[in-house]
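A.B. asks: See coords27.txt below, with compact mmCIF, C-alpha atoms and all ligand atoms.
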```txt
# COMPACT_ATOMS: atom_id res chain seq x y z
CA MET A 1 89.29 83.99 80.89
CA ARG A 2 89.13 82.67 84.46
CA THR A 3 87.28 84.86 86.96
CA HIS A 4 88.04 84.49 90.65
CA ARG A 5 85.18 85.65 92.88
CA ILE A 6 86.53 87.28 96.03
CA ALA A 7 84.60 88.37 99.13
CA ALA A 8 86.41 91.43 100.52
CA ILE A 9 85.75 92.07 104.21
CA GLY A 10 87.76 95.09 105.33
CA GLY A 11 86.46 95.00 108.92
CA ASP A 12 87.71 97.58 111.43
CA GLY A 13 90.40 100.24 111.77
CA ILE A 14 92.99 100.11 108.99
CA GLY A 15 91.45 96.87 107.68
CA PRO A 16 89.35 98.55 104.94
CA GLU A 17 92.34 100.73 103.91
CA VAL A 18 94.74 97.85 103.37
CA ILE A 19 92.11 95.62 101.75
CA ALA A 20 91.23 98.37 99.26
CA ALA A 21 94.94 98.65 98.43
CA GLY A 22 95.15 94.86 98.11
CA CYS A 23 92.21 94.72 95.69
CA ARG A 24 93.86 97.38 93.51
CA VAL A 25 97.07 95.40 93.41
CA LEU A 26 95.24 92.16 92.61
CA ASP A 27 93.51 93.81 89.64
CA ALA A 28 96.90 95.11 88.47
CA VAL A 29 98.52 91.66 88.75
CA ALA A 30 95.69 90.07 86.82
CA GLN A 31 96.07 92.68 84.10
CA ALA A 32 99.85 92.31 83.93
CA GLN A 33 99.73 88.52 83.94
CA GLY A 34 96.68 87.99 81.72
CA GLY A 35 94.38 84.96 81.52
CA PHE A 36 92.34 85.70 84.62
CA ALA A 37 90.44 88.48 86.35
CA PHE A 38 88.87 89.20 89.72
CA ALA A 39 85.27 89.93 90.67
CA PHE A 40 85.26 91.53 94.11
CA GLU A 41 82.26 91.92 96.35
CA THR A 42 82.75 94.11 99.42
CA PHE A 43 81.06 93.37 102.74
CA ASP A 44 80.91 96.17 105.33
CA TRP A 45 80.81 93.82 108.30
CA GLY A 46 82.54 94.64 111.60
CA SER A 47 82.27 96.94 114.60
CA GLU A 48 80.37 99.70 112.78
CA MET A 49 77.65 97.24 111.89
CA TYR A 50 77.70 95.96 115.48
CA ARG A 51 77.05 99.44 116.86
CA ARG A 52 74.14 99.86 114.43
CA THR A 53 72.56 96.42 114.59
CA GLY A 54 74.09 94.48 117.49
CA LYS A 55 75.66 92.03 115.02
CA MET A 56 79.17 91.80 113.59
CA MET A 57 77.73 90.18 110.47
CA PRO A 58 74.22 89.32 109.32
CA ASP A 59 72.67 86.05 110.54
CA ASP A 60 72.95 84.56 107.07
CA GLY A 61 76.53 85.84 106.68
CA LEU A 62 78.15 82.45 106.14
CA LYS A 63 75.57 81.61 103.49
CA ALA A 64 76.46 84.83 101.66
CA LEU A 65 80.15 83.85 101.60
CA GLU A 66 79.70 80.22 100.60
CA GLY A 67 79.89 80.65 96.83
CA PHE A 68 83.10 82.71 96.73
CA ASP A 69 86.47 81.35 95.67
CA ALA A 70 88.22 83.04 98.61
CA ILE A 71 87.74 85.61 101.36
CA PHE A 72 90.11 88.59 101.63
CA PHE A 73 89.89 89.79 105.21
CA GLY A 74 91.27 92.97 106.84
CA ALA A 75 91.15 93.14 110.64
CA VAL A 76 88.63 93.23 113.45
CA GLY A 77 88.70 94.76 116.89
CA ALA A 78 87.57 98.06 118.37
CA PRO A 79 88.46 99.71 121.67
CA ASP A 80 84.82 99.94 122.82
CA ILE A 81 83.72 96.38 121.98
CA PRO A 82 85.10 93.31 123.77
CA ASP A 83 87.25 90.87 121.78
CA HIS A 84 84.92 87.99 122.51
CA ILE A 85 82.38 89.79 120.32
CA THR A 86 84.54 91.29 117.56
CA LEU A 87 86.77 88.27 117.19
CA TRP A 88 84.40 85.42 117.89
CA GLU A 89 81.36 86.70 116.07
CA LEU A 90 83.11 87.52 112.83
CA ARG A 91 86.60 86.19 112.20
CA LEU A 92 86.35 83.02 114.23
CA ALA A 93 82.74 82.48 113.14
CA ILE A 94 84.05 82.24 109.58
CA CYS A 95 87.08 80.07 110.48
CA GLN A 96 84.90 77.65 112.41
CA GLY A 97 81.83 77.82 110.20
CA PHE A 98 83.90 76.91 107.14
CA ASP A 99 86.17 74.48 109.02
CA GLN A 100 89.31 76.34 107.95
CA TYR A 101 91.39 73.99 110.04
CA ALA A 102 94.85 75.02 108.83
CA ASN A 103 96.26 78.41 109.71
CA VAL A 104 99.32 78.89 107.56
CA ARG A 105 101.86 81.66 108.10
CA PRO A 106 104.86 82.10 105.82
CA THR A 107 107.63 84.17 107.37
CA LYS A 108 110.80 85.59 105.91
CA LEU A 109 112.79 88.75 106.26
CA LEU A 110 112.11 90.77 103.12
CA PRO A 111 115.13 92.42 101.47
CA GLY A 112 115.90 95.80 103.00
CA VAL A 113 113.87 95.14 106.15
CA ARG A 114 115.77 95.08 109.45
CA GLY A 115 114.65 92.55 112.01
CA PRO A 116 115.83 92.31 115.60
CA LEU A 117 118.25 89.43 114.94
CA ARG A 118 121.89 89.81 113.88
CA GLU A 119 121.93 90.31 110.11
CA ASP A 120 123.43 86.93 109.20
CA LEU A 121 120.86 85.14 111.36
CA GLY A 122 117.91 87.24 110.17
CA LYS A 123 118.68 86.31 106.56
CA GLN A 124 118.18 82.63 107.42
CA ILE A 125 114.52 83.11 108.32
CA ASP A 126 112.41 81.32 105.72
CA TRP A 127 109.63 79.46 107.47
CA VAL A 128 106.06 78.33 107.15
CA ILE A 129 104.22 77.73 110.39
CA VAL A 130 101.18 75.47 110.11
CA ARG A 131 98.86 75.99 113.04
CA GLU A 132 95.99 73.69 113.98
CA ASN A 133 93.03 76.06 113.77
CA SER A 134 89.96 74.13 114.90
CA GLU A 135 90.49 72.38 118.24
CA GLY A 136 93.17 71.96 120.92
CA GLU A 137 93.62 74.47 123.69
CA TYR A 138 91.15 76.92 122.12
CA ALA A 139 88.28 74.46 121.85
CA GLY A 140 86.37 76.42 124.49
CA VAL A 141 85.81 73.39 126.69
CA GLY A 142 86.11 73.83 130.44
CA GLY A 143 84.48 75.75 133.23
CA ARG A 144 84.72 77.40 136.63
CA ALA A 145 83.23 76.37 139.93
CA HIS A 146 83.12 77.62 143.55
CA ARG A 147 83.74 81.21 142.46
CA GLY A 148 85.49 83.34 145.06
CA LEU A 149 86.02 80.49 147.50
CA PRO A 150 89.45 79.12 148.39
CA ILE A 151 88.45 75.93 146.59
CA GLU A 152 87.66 77.78 143.36
CA VAL A 153 88.67 75.82 140.28
CA ALA A 154 88.95 76.80 136.62
CA MET A 155 89.67 74.46 133.76
CA ASP A 156 90.50 74.90 130.10
CA VAL A 157 90.47 71.50 128.52
CA ALA A 158 92.66 70.99 125.46
CA VAL A 159 90.69 68.80 123.09
CA PHE A 160 92.58 66.80 120.49
CA THR A 161 91.01 64.30 118.12
CA ARG A 162 92.95 61.72 116.13
CA ASP A 163 91.36 62.97 112.90
CA GLY A 164 92.06 66.58 113.80
CA VAL A 165 95.75 65.89 114.40
CA ALA A 166 96.06 63.67 111.34
CA ARG A 167 94.56 66.22 108.96
CA ILE A 168 96.70 69.14 110.14
CA CYS A 169 99.83 67.01 110.05
CA ARG A 170 98.98 65.82 106.54
CA HIS A 171 98.56 69.40 105.37
CA ALA A 172 101.87 70.39 106.95
CA CYS A 173 103.55 67.50 105.11
CA GLU A 174 102.07 68.74 101.82
CA VAL A 175 103.29 72.28 102.54
CA ALA A 176 106.78 71.01 103.42
CA MET A 177 106.92 68.82 100.29
CA ALA A 178 106.20 71.82 98.09
CA ARG A 179 109.21 73.68 99.49
CA PRO A 180 112.80 73.10 98.38
CA ARG A 181 114.15 71.88 101.72
CA ARG A 182 111.41 69.32 102.42
CA HIS A 183 111.96 69.63 106.14
CA LEU A 184 109.21 69.46 108.76
CA THR A 185 109.49 70.11 112.49
CA VAL A 186 106.71 68.62 114.62
CA VAL A 187 106.36 70.67 117.79
CA THR A 188 104.66 69.39 120.96
CA LYS A 189 105.14 69.38 124.71
CA SER A 190 104.87 65.66 125.25
CA ASN A 191 107.34 65.55 128.12
CA ALA A 192 104.92 67.47 130.34
CA GLN A 193 101.46 67.04 128.84
CA ARG A 194 101.15 63.33 128.73
CA HIS A 195 97.86 62.65 126.96
CA GLY A 196 97.02 64.92 124.05
CA MET A 197 100.63 65.76 123.25
CA VAL A 198 101.66 62.12 123.29
CA MET A 199 98.84 61.34 120.86
CA TRP A 200 100.14 64.20 118.66
CA ASP A 201 103.58 62.60 118.62
CA GLU A 202 102.10 59.20 117.73
CA VAL A 203 99.74 60.42 115.02
CA CYS A 204 102.35 62.73 113.48
CA ALA A 205 104.83 59.84 113.37
CA GLU A 206 102.27 57.76 111.46
CA ILE A 207 101.42 60.52 108.98
CA THR A 208 104.97 61.73 108.34
CA ALA A 209 106.03 58.12 107.67
CA GLN A 210 103.87 58.33 104.54
CA TYR A 211 106.21 61.04 103.22
CA PRO A 212 109.61 59.34 102.93
CA ALA A 213 111.07 62.28 100.99
CA LEU A 214 110.62 64.57 104.01
CA THR A 215 113.15 64.96 106.80
CA VAL A 216 111.18 65.13 110.02
CA GLU A 217 112.33 66.47 113.34
CA LYS A 218 110.55 66.50 116.70
CA MET A 219 110.94 69.46 119.06
CA LEU A 220 109.47 70.56 122.38
CA VAL A 221 107.85 73.96 122.11
CA ASP A 222 110.11 75.64 124.68
CA ALA A 223 113.24 74.46 122.89
CA MET A 224 111.67 75.55 119.61
CA THR A 225 111.47 79.21 120.67
CA ALA A 226 115.19 79.18 121.43
CA ARG A 227 115.93 77.40 118.16
CA MET A 228 114.08 80.01 116.10
CA VAL A 229 116.19 82.77 117.63
CA MET A 230 119.57 81.02 117.80
CA LYS A 231 119.55 78.83 114.67
CA PRO A 232 116.82 80.13 112.35
CA GLY A 233 118.32 78.35 109.36
CA SER A 234 117.61 74.94 110.90
CA VAL A 235 113.84 75.53 110.65
CA ASP A 236 111.69 75.30 107.53
CA THR A 237 108.09 74.07 107.90
CA VAL A 238 106.61 73.73 111.40
CA VAL A 239 103.42 72.08 112.59
CA ALA A 240 102.03 72.68 116.07
CA THR A 241 98.83 72.95 118.10
CA ASN A 242 96.54 75.96 118.17
CA LEU A 243 98.16 77.50 121.29
CA HIS A 244 101.76 76.57 120.60
CA ALA A 245 101.66 77.73 116.99
CA ASP A 246 99.87 80.92 118.01
CA ILE A 247 102.87 81.81 120.14
CA LEU A 248 105.48 80.57 117.65
CA SER A 249 103.90 82.53 114.81
CA ASP A 250 103.95 85.77 116.82
CA LEU A 251 107.61 85.16 117.58
CA ALA A 252 108.21 84.46 113.89
CA SER A 253 106.54 87.70 112.83
CA ALA A 254 108.49 89.73 115.35
CA LEU A 255 111.75 88.21 114.12
CA ALA A 256 110.79 89.13 110.56
CA GLY A 257 110.72 92.81 111.31
CA SER A 258 107.27 94.35 111.16
CA LEU A 259 103.69 93.62 112.04
CA GLY A 260 102.71 95.48 108.88
CA ILE A 261 104.23 92.90 106.53
CA GLY A 262 103.09 89.42 107.54
CA ALA A 263 100.26 87.36 106.07
CA THR A 264 98.18 84.38 107.09
CA GLY A 265 95.81 81.97 105.41
CA ASN A 266 92.96 80.21 107.19
CA ILE A 267 92.67 77.30 104.87
CA ASP A 268 90.41 74.39 104.18
CA PRO A 269 92.85 72.14 102.32
CA GLN A 270 89.95 70.01 101.08
CA ARG A 271 88.42 73.11 99.45
CA ARG A 272 84.89 72.29 100.52
CA ARG A 273 84.29 75.98 101.26
CA PRO A 274 86.23 79.23 100.70
CA SER A 275 89.46 79.81 102.56
CA MET A 276 90.21 83.17 104.17
CA PHE A 277 93.40 85.23 103.79
CA GLU A 278 94.37 88.12 106.08
CA PRO A 279 97.31 90.30 107.06
CA ILE A 280 98.57 89.43 110.54
CA HIS A 281 98.23 92.94 111.95
CA GLY A 282 95.16 94.11 113.83
CA SER A 283 92.93 97.14 113.43
CA ALA A 284 95.60 99.67 114.60
CA PHE A 285 93.25 102.55 115.48
CA ASP A 286 96.19 104.82 116.30
CA ILE A 287 96.88 105.23 112.59
CA THR A 288 93.40 104.62 111.14
CA GLY A 289 92.29 107.23 108.60
CA LYS A 290 95.75 108.80 108.34
CA GLY A 291 96.58 107.10 105.06
CA ILE A 292 99.85 105.67 106.37
CA ALA A 293 98.94 102.03 107.05
CA ASN A 294 101.53 99.69 105.57
CA PRO A 295 99.76 97.76 102.80
CA LEU A 296 102.57 95.22 102.25
CA GLY A 297 100.95 92.69 104.62
CA SER A 298 97.83 92.91 102.51
CA PHE A 299 99.89 92.36 99.34
CA TRP A 300 101.64 89.31 100.77
CA THR A 301 98.18 88.08 101.77
CA ALA A 302 97.02 88.67 98.20
CA SER A 303 99.96 86.64 96.94
CA MET A 304 99.03 83.71 99.21
CA MET A 305 95.48 83.94 97.93
CA LEU A 306 96.69 83.86 94.31
CA GLU A 307 98.66 80.71 95.05
CA HIS A 308 95.56 79.11 96.58
CA LEU A 309 93.47 80.14 93.57
CA GLY A 310 95.83 78.27 91.27
CA GLU A 311 97.73 81.30 89.96
CA PRO A 312 101.28 80.57 91.18
CA ALA A 313 103.03 82.63 88.49
CA ALA A 314 101.01 85.71 89.44
CA ALA A 315 101.59 84.99 93.14
CA GLN A 316 105.36 84.94 92.63
CA ARG A 317 105.27 88.00 90.45
CA LEU A 318 103.46 89.98 93.14
CA MET A 319 105.96 88.88 95.81
CA ARG A 320 108.87 89.88 93.56
CA ALA A 321 107.29 93.32 93.11
CA VAL A 322 106.88 93.70 96.89
CA GLU A 323 110.50 92.64 97.41
CA ALA A 324 111.70 95.05 94.75
CA VAL A 325 110.04 97.90 96.65
CA THR A 326 111.40 96.89 100.07
CA ALA A 327 114.87 96.30 98.64
CA ARG A 328 114.97 99.76 97.07
CA GLY A 329 113.85 101.18 100.43
CA THR A 330 112.78 104.59 99.12
CA VAL A 331 108.99 104.17 99.22
CA LEU A 332 108.09 102.76 102.63
CA THR A 333 105.48 103.64 105.25
CA PRO A 334 106.55 105.12 108.63
CA ASP A 335 106.43 101.74 110.46
CA LEU A 336 109.34 100.68 108.21
CA GLY A 337 111.19 103.95 108.71
CA GLY A 338 109.91 105.71 105.59
CA THR A 339 107.61 108.65 104.93
CA ALA A 340 105.39 107.26 102.16
CA THR A 341 101.61 106.86 102.28
CA THR A 342 99.57 103.71 101.73
CA VAL A 343 98.69 104.92 98.23
CA GLU A 344 102.32 105.70 97.34
CA VAL A 345 103.48 102.24 98.40
CA THR A 346 100.60 100.70 96.46
CA ASN A 347 101.55 102.66 93.33
CA ALA A 348 105.19 101.65 93.74
CA VAL A 349 104.29 97.94 93.92
CA ILE A 350 101.98 98.23 90.91
CA ALA A 351 104.76 99.94 88.96
CA ALA A 352 107.21 97.21 90.01
CA LEU A 353 104.90 94.48 88.64
CA GLU A 354 106.07 95.26 85.11
CA GLY A 355 109.68 94.42 85.88
CA ALA A 356 108.75 91.44 88.06
CA ASN A 357 107.59 88.93 85.47
P1 LIG B 1 94.12 94.56 117.49
O1 LIG B 1 93.52 94.87 118.80
O2 LIG B 1 93.12 94.26 116.42
O3 LIG B 1 95.28 93.62 117.56
P2 LIG B 1 95.86 96.80 117.58
O4 LIG B 1 95.35 98.20 117.59
O5 LIG B 1 96.46 96.19 118.77
O6 LIG B 1 94.74 95.92 116.96
P3 LIG B 1 97.99 95.75 116.01
O7 LIG B 1 97.76 95.44 114.61
O8 LIG B 1 98.13 94.66 116.97
O9 LIG B 1 96.91 96.81 116.41
O10 LIG B 1 99.30 96.63 115.94
C1 LIG B 1 99.94 97.25 117.00
C2 LIG B 1 100.56 98.55 116.47
O11 LIG B 1 101.45 98.29 115.37
C3 LIG B 1 99.49 99.46 115.89
O12 LIG B 1 98.93 100.23 116.89
C4 LIG B 1 100.23 100.23 114.84
O13 LIG B 1 100.86 101.36 115.39
C5 LIG B 1 101.28 99.27 114.33
N1 LIG B 1 100.81 98.62 113.09
C6 LIG B 1 100.14 97.46 112.95
N2 LIG B 1 99.86 97.19 111.67
C7 LIG B 1 100.36 98.19 110.95
C8 LIG B 1 100.38 98.49 109.55
N3 LIG B 1 99.83 97.70 108.62
N4 LIG B 1 100.99 99.65 109.18
C9 LIG B 1 101.56 100.46 110.08
N5 LIG B 1 101.58 100.23 111.40
C10 LIG B 1 100.98 99.11 111.85
MG MG B 2 97.15 93.96 118.87
```
Turn the structure described in the file into structure tokens.

C.D. replies:
Amino acid sequence: MRTHRIAAIGGDGIGPEVIAAGCRVLDAVAQAQGGFAFAFETFDWGSEMYRRTGKMMPDDGLKALEGFDAIFFGAVGAPDIPDHITLWELRLAICQGFDQYANVRPTKLLPGVRGPLREDLGKQIDWVIVRENSEGEYAGVGGRAHRGLPIEVAMDVAVFTRDGVARICRHACEVAMARPRRHLTVVTKSNAQRHGMVMWDEVCAEITAQYPALTVEKMLVDAMTARMVMKPGSVDTVVATNLHADILSDLASALAGSLGIGATGNIDPQRRRPSMFEPIHGSAFDITGKGIANPLGSFWTASMMLEHLGEPAAAQRLMRAVEAVTARGTVLTPDLGGTATTVEVTNAVIAALEGAN
């Protein structure tokens, strides 16, 4: 029997609620599927700990996570603590500390869910956005000078390295190759940003040439936003910089109908250290403690994690169970127009696992 060791970090707001639901569903999938089991360890890191101790996680936090097979992460953020603390000292500390350089977001419109696009267009959404997660526009390089004077300057320097571009492009090629359409869109802004973006184009051309079975398309990021709305079926796998893919993946999630459904993996494709999987939504304090948080994002996240752990059959089974519940449309949380609670949706998905093999 294989045992997958999972570090569960619920974090803030509805994070612990949806992660608890996700752990229940993972145990149920393992039981239904057979052959493997989970060992969860829960870490109560986040804003509560910060208020008590001045730290979002203990100093040796990364060390504590190192031996796990994956990290299952809820959300961070609290109204009374600035983002540069909640985000940077926990979530990004893990992403950077473990060099999880690929942020991967699958997006599709689940059956029964209404997105903002016309129905025939919405149905065409079936994308994976691969975001560079370690450098680029968010490298934190830059500065300000002459504060308050007319000559004040502020700079954010986008830092791109050849290796950094090559490794994210390679991972995007692998993701695209594993999908039926084998289509990759490389997104840059090389008509306006003439250094880093031009190097992206060059390096991506070199890497994608090593994958002759892929069809590769180049797009400018502005045109890409229009493309995703007007011709969603022409997009499959997308690779872009930290900033560009941040924006594209928010657009993708909005087009797919609800913040409560989407999932993301922060992945180290080389598997040197654990990767981290999280629903895309934030801490959502307006509904915290009410028992109505939509757990489907956490279940999709769990499915991604199963895939990463080498359990593809269980991953697909879980997604089919989620889709069976959304398609039926009778047990949904209020954000999807229903009246069900987190626990009721969780029970419905667990029940649907039986028919989903
Ligand atoms: P953060 O600051 O961490 O982004 P937030 O409070 O802005 O957190 P978001 O997750 O960005 O919360 O979500 C915005 C709103 O969408 C929430 O206030 C909530 O009403 C709704 N929402 C988000 N996730 C869910 C969910 N899983 N289930 C139900 N509603 C959700
Ligand atoms: Mg938010």

A.B. asks: Give the residue list for ligand MG 2 (chain B) at 10 Å, counting all atoms listed in the file, as an mmCIF file with C-alpha atoms, in the coordinates of the input, sorted by chain and then by residue number.

C.D. replies:
```cif
data_model
loop_
_atom_site.group_PDB
_atom_site.id
_atom_site.type_symbol
_atom_site.label_atom_id
_atom_site.label_comp_id
_atom_site.auth_asym_id
_atom_site.auth_seq_id
_atom_site.Cartn_x
_atom_site.Cartn_y
_atom_site.Cartn_z
ATOM 1 C CA GLY A 77 88.700 94.760 116.890
ATOM 2 C CA LEU A 259 103.690 93.620 112.040
ATOM 3 C CA ILE A 280 98.570 89.430 110.540
ATOM 4 C CA HIS A 281 98.230 92.940 111.950
ATOM 5 C CA GLY A 282 95.160 94.110 113.830
ATOM 6 C CA SER A 283 92.930 97.140 113.430
ATOM 7 C CA ALA A 284 95.600 99.670 114.600
#
```

A.B. asks: List every residue of chain A that has an atom at most 9 Å from any atom of ligand LIG 1 (chain B), and for each one report the closest atom pair and its distance in Å to one decimal, counting all atoms listed in the file, with rows sorted by chain and then by increasing residue number, as CSV.

C.D. replies:
```
residue,atom,partner,partner_atom,distance
A:Asp12,CA,B:LIG1,O2,8.1
A:Gly13,CA,B:LIG1,O4,7.9
A:Ile14,CA,B:LIG1,N3,7.3
A:Gly15,CA,B:LIG1,N3,8.5
A:Val18,CA,B:LIG1,N3,7.3
A:Ala75,CA,B:LIG1,O2,6.2
A:Val76,CA,B:LIG1,O2,5.5
A:Gly77,CA,B:LIG1,O2,4.5
A:Ala78,CA,B:LIG1,O1,6.8
A:Pro79,CA,B:LIG1,O1,7.6
A:Asp83,CA,B:LIG1,O1,8.0
A:Leu87,CA,B:LIG1,O2,8.8
A:Ser258,CA,B:LIG1,C7,7.9
A:Leu259,CA,B:LIG1,N2,5.2
A:Gly260,CA,B:LIG1,N3,3.6
A:Ile261,CA,B:LIG1,N3,6.8
A:Gly262,CA,B:LIG1,N3,9.0
A:Pro279,CA,B:LIG1,N3,8.0
A:Ile280,CA,B:LIG1,O7,7.3
A:His281,CA,B:LIG1,O7,3.7
A:Gly282,CA,B:LIG1,O7,3.0
A:Ser283,CA,B:LIG1,O6,4.2
A:Ala284,CA,B:LIG1,O4,3.3
A:Phe285,CA,B:LIG1,O4,5.3
A:Asp286,CA,B:LIG1,O12,5.4
A:Ile287,CA,B:LIG1,O13,6.2
A:Thr288,CA,B:LIG1,C4,8.9
A:Ile292,CA,B:LIG1,C9,6.6
A:Ala293,CA,B:LIG1,N4,3.8
A:Asn294,CA,B:LIG1,N4,3.7
A:Pro295,CA,B:LIG1,N3,5.8
A:Leu296,CA,B:LIG1,N3,7.4
A:Gly297,CA,B:LIG1,N3,6.5
A:Ser298,CA,B:LIG1,N3,8.0
A:Thr333,CA,B:LIG1,C9,7.0
A:Pro334,CA,B:LIG1,C9,7.0
A:Asp335,CA,B:LIG1,C9,5.0
A:Leu336,CA,B:LIG1,C9,8.0
A:Thr342,CA,B:LIG1,N4,8.6
```

A.B. asks: Select, from A:Arg320, A:Arg91, A:Lys189, A:Arg271, the residue with the minimum atom-to-atom distance to A:Ala352, counting only C-alpha atoms.

C.D. replies: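 Looking at the shortest contact to A:Ala352, the residue is A:Arg320.
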
A.B. asks: Which value, in Å to one decimal, gives the distance between atom CA of A:Phe73 and atom CA of A:Pro16?

C.D. replies: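 Between atom CA of A:Phe73 and atom CA of A:Pro16 the gap is 8.8 Å.
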
A.B. asks: Can you tell me which residues surround A:Lys55 at a distance of at most 9 Å, considering only C-alpha atoms, apart from same-chain residues fewer than 6 positions away, and format the answer as an MDAnalysis selection string?

C.D. replies: chainID A and resid 45:47 49 85 89:90

A.B. asks: Rounded to one decimal, what separation in Å do you get between atom CA of A:Arg182 and atom CA of A:Thr107?

C.D. replies: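 Separation of atom CA of A:Arg182 and atom CA of A:Thr107: 16.1 Å.
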
A.B. asks: Enumerate, as a PyMOL selection string, the protein, DNA and RNA residues whose atoms approach (101.3, 93.3, 84.9) to within 9 Å, taking into account all atoms listed in the file and the coordinate frame of the file.

C.D. replies: chain A and resi 28-34+314+317+350-357

A.B. asks: Calculated over only C-alpha atoms, which of the candidates A:Met56, A:Ala7, A:Met177, A:Ala154 has the smallest distance to A:Pro82?

C.D. replies: A:Met56

A.B. asks: How far is it from atom CA of A:Asp156 to atom CA of A:Thr264, in Å with one decimal?

C.D. replies: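 Going from atom CA of A:Asp156 over to atom CA of A:Thr264, I get 26.0 Å.
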
A.B. asks: I'd like the contact shell of A:Phe277 - 7 Å cut-off, all atoms listed in the file, skipping same-chain residues fewer than 3 positions apart - returned as JSON, numbers by chain.

C.D. replies: {"A": [71, 72, 73, 264, 265, 266, 301, 305]}

A.B. asks: For A:Glu206, find every residue with an atom within 12 Å (counting only C-alpha atoms), except residues of its own chain fewer than 4 positions away, and show them as a PDB file with C-alpha atoms, in the coordinates of the input.

C.D. replies:
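Output saved as around_36.pdb:
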```pdb
ATOM      1  CA  ARG A 162      92.950  61.720 116.130  1.00  0.00           C
ATOM      2  CA  VAL A 165      95.750  65.890 114.400  1.00  0.00           C
ATOM      3  CA  ALA A 166      96.060  63.670 111.340  1.00  0.00           C
ATOM      4  CA  ARG A 167      94.560  66.220 108.960  1.00  0.00           C
ATOM      5  CA  CYS A 169      99.830  67.010 110.050  1.00  0.00           C
ATOM      6  CA  ARG A 170      98.980  65.820 106.540  1.00  0.00           C
ATOM      7  CA  CYS A 173     103.550  67.500 105.110  1.00  0.00           C
ATOM      8  CA  MET A 199      98.840  61.340 120.860  1.00  0.00           C
ATOM      9  CA  TRP A 200     100.140  64.200 118.660  1.00  0.00           C
ATOM     10  CA  ASP A 201     103.580  62.600 118.620  1.00  0.00           C
ATOM     11  CA  GLU A 202     102.100  59.200 117.730  1.00  0.00           C
ATOM     12  CA  GLN A 210     103.870  58.330 104.540  1.00  0.00           C
ATOM     13  CA  TYR A 211     106.210  61.040 103.220  1.00  0.00           C
ATOM     14  CA  PRO A 212     109.610  59.340 102.930  1.00  0.00           C
ATOM     15  CA  VAL A 216     111.180  65.130 110.020  1.00  0.00           C
TER      16      VAL A 216
END
```

A.B. asks: Neighbouring residues of stretch 131-146 of chain A were defined as those with any atom within 8 Å, considering all atoms listed in the file; residues of the same chain fewer than 4 positions away were excluded. Please report them as a PDB file with C-alpha atoms, keeping the file's coordinate frame.

C.D. replies:
```
ATOM      1  CA  CYS A  95      87.080  80.070 110.480  1.00  0.00           C
ATOM      2  CA  GLN A  96      84.900  77.650 112.410  1.00  0.00           C
ATOM      3  CA  ASP A  99      86.170  74.480 109.020  1.00  0.00           C
ATOM      4  CA  GLN A 100      89.310  76.340 107.950  1.00  0.00           C
ATOM      5  CA  TYR A 101      91.390  73.990 110.040  1.00  0.00           C
ATOM      6  CA  ALA A 102      94.850  75.020 108.830  1.00  0.00           C
ATOM      7  CA  ASN A 103      96.260  78.410 109.710  1.00  0.00           C
ATOM      8  CA  VAL A 104      99.320  78.890 107.560  1.00  0.00           C
ATOM      9  CA  ILE A 151      88.450  75.930 146.590  1.00  0.00           C
ATOM     10  CA  GLU A 152      87.660  77.780 143.360  1.00  0.00           C
ATOM     11  CA  VAL A 153      88.670  75.820 140.280  1.00  0.00           C
ATOM     12  CA  ALA A 154      88.950  76.800 136.620  1.00  0.00           C
ATOM     13  CA  MET A 155      89.670  74.460 133.760  1.00  0.00           C
ATOM     14  CA  ASP A 156      90.500  74.900 130.100  1.00  0.00           C
ATOM     15  CA  VAL A 157      90.470  71.500 128.520  1.00  0.00           C
ATOM     16  CA  ALA A 158      92.660  70.990 125.460  1.00  0.00           C
ATOM     17  CA  VAL A 159      90.690  68.800 123.090  1.00  0.00           C
ATOM     18  CA  PHE A 160      92.580  66.800 120.490  1.00  0.00           C
ATOM     19  CA  GLY A 164      92.060  66.580 113.800  1.00  0.00           C
ATOM     20  CA  VAL A 165      95.750  65.890 114.400  1.00  0.00           C
ATOM     21  CA  ILE A 168      96.700  69.140 110.140  1.00  0.00           C
ATOM     22  CA  VAL A 239     103.420  72.080 112.590  1.00  0.00           C
ATOM     23  CA  ALA A 240     102.030  72.680 116.070  1.00  0.00           C
ATOM     24  CA  THR A 241      98.830  72.950 118.100  1.00  0.00           C
ATOM     25  CA  ASN A 242      96.540  75.960 118.170  1.00  0.00           C
ATOM     26  CA  LEU A 243      98.160  77.500 121.290  1.00  0.00           C
ATOM     27  CA  ALA A 245     101.660  77.730 116.990  1.00  0.00           C
ATOM     28  CA  ASP A 246      99.870  80.920 118.010  1.00  0.00           C
ATOM     29  CA  ASN A 266      92.960  80.210 107.190  1.00  0.00           C
TER      30      ASN A 266
END
```

A.B. asks: Between A:Leu332, A:Ala213, A:Leu248, A:Leu26, which one has atoms that come closest to A:Phe299, using only C-alpha atoms?

C.D. replies: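 Counting only C-alpha atoms, the residue closest to A:Phe299 is A:Leu26.
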
A.B. asks: Using all atoms listed in the file for the distances, tell me which of A:Gly67, A:Pro312, A:Pro150, A:Gly61 is nearest to A:Ile6.

C.D. replies: A:Gly67

A.B. asks: Find the spatial neighbours of A:His183, counting all atoms listed in the file, within a cut-off of 7 Å - ignore same-chain residues fewer than 2 positions away - and output them as a PDB file with C-alpha atoms, in the frame of the given file.

C.D. replies:
```
ATOM      1  CA  ALA A 176     106.780  71.010 103.420  1.00  0.00           C
ATOM      2  CA  ARG A 181     114.150  71.880 101.720  1.00  0.00           C
ATOM      3  CA  THR A 185     109.490  70.110 112.490  1.00  0.00           C
ATOM      4  CA  LEU A 214     110.620  64.570 104.010  1.00  0.00           C
ATOM      5  CA  THR A 215     113.150  64.960 106.800  1.00  0.00           C
ATOM      6  CA  VAL A 216     111.180  65.130 110.020  1.00  0.00           C
ATOM      7  CA  ASP A 236     111.690  75.300 107.530  1.00  0.00           C
ATOM      8  CA  THR A 237     108.090  74.070 107.900  1.00  0.00           C
TER       9      THR A 237
END
```
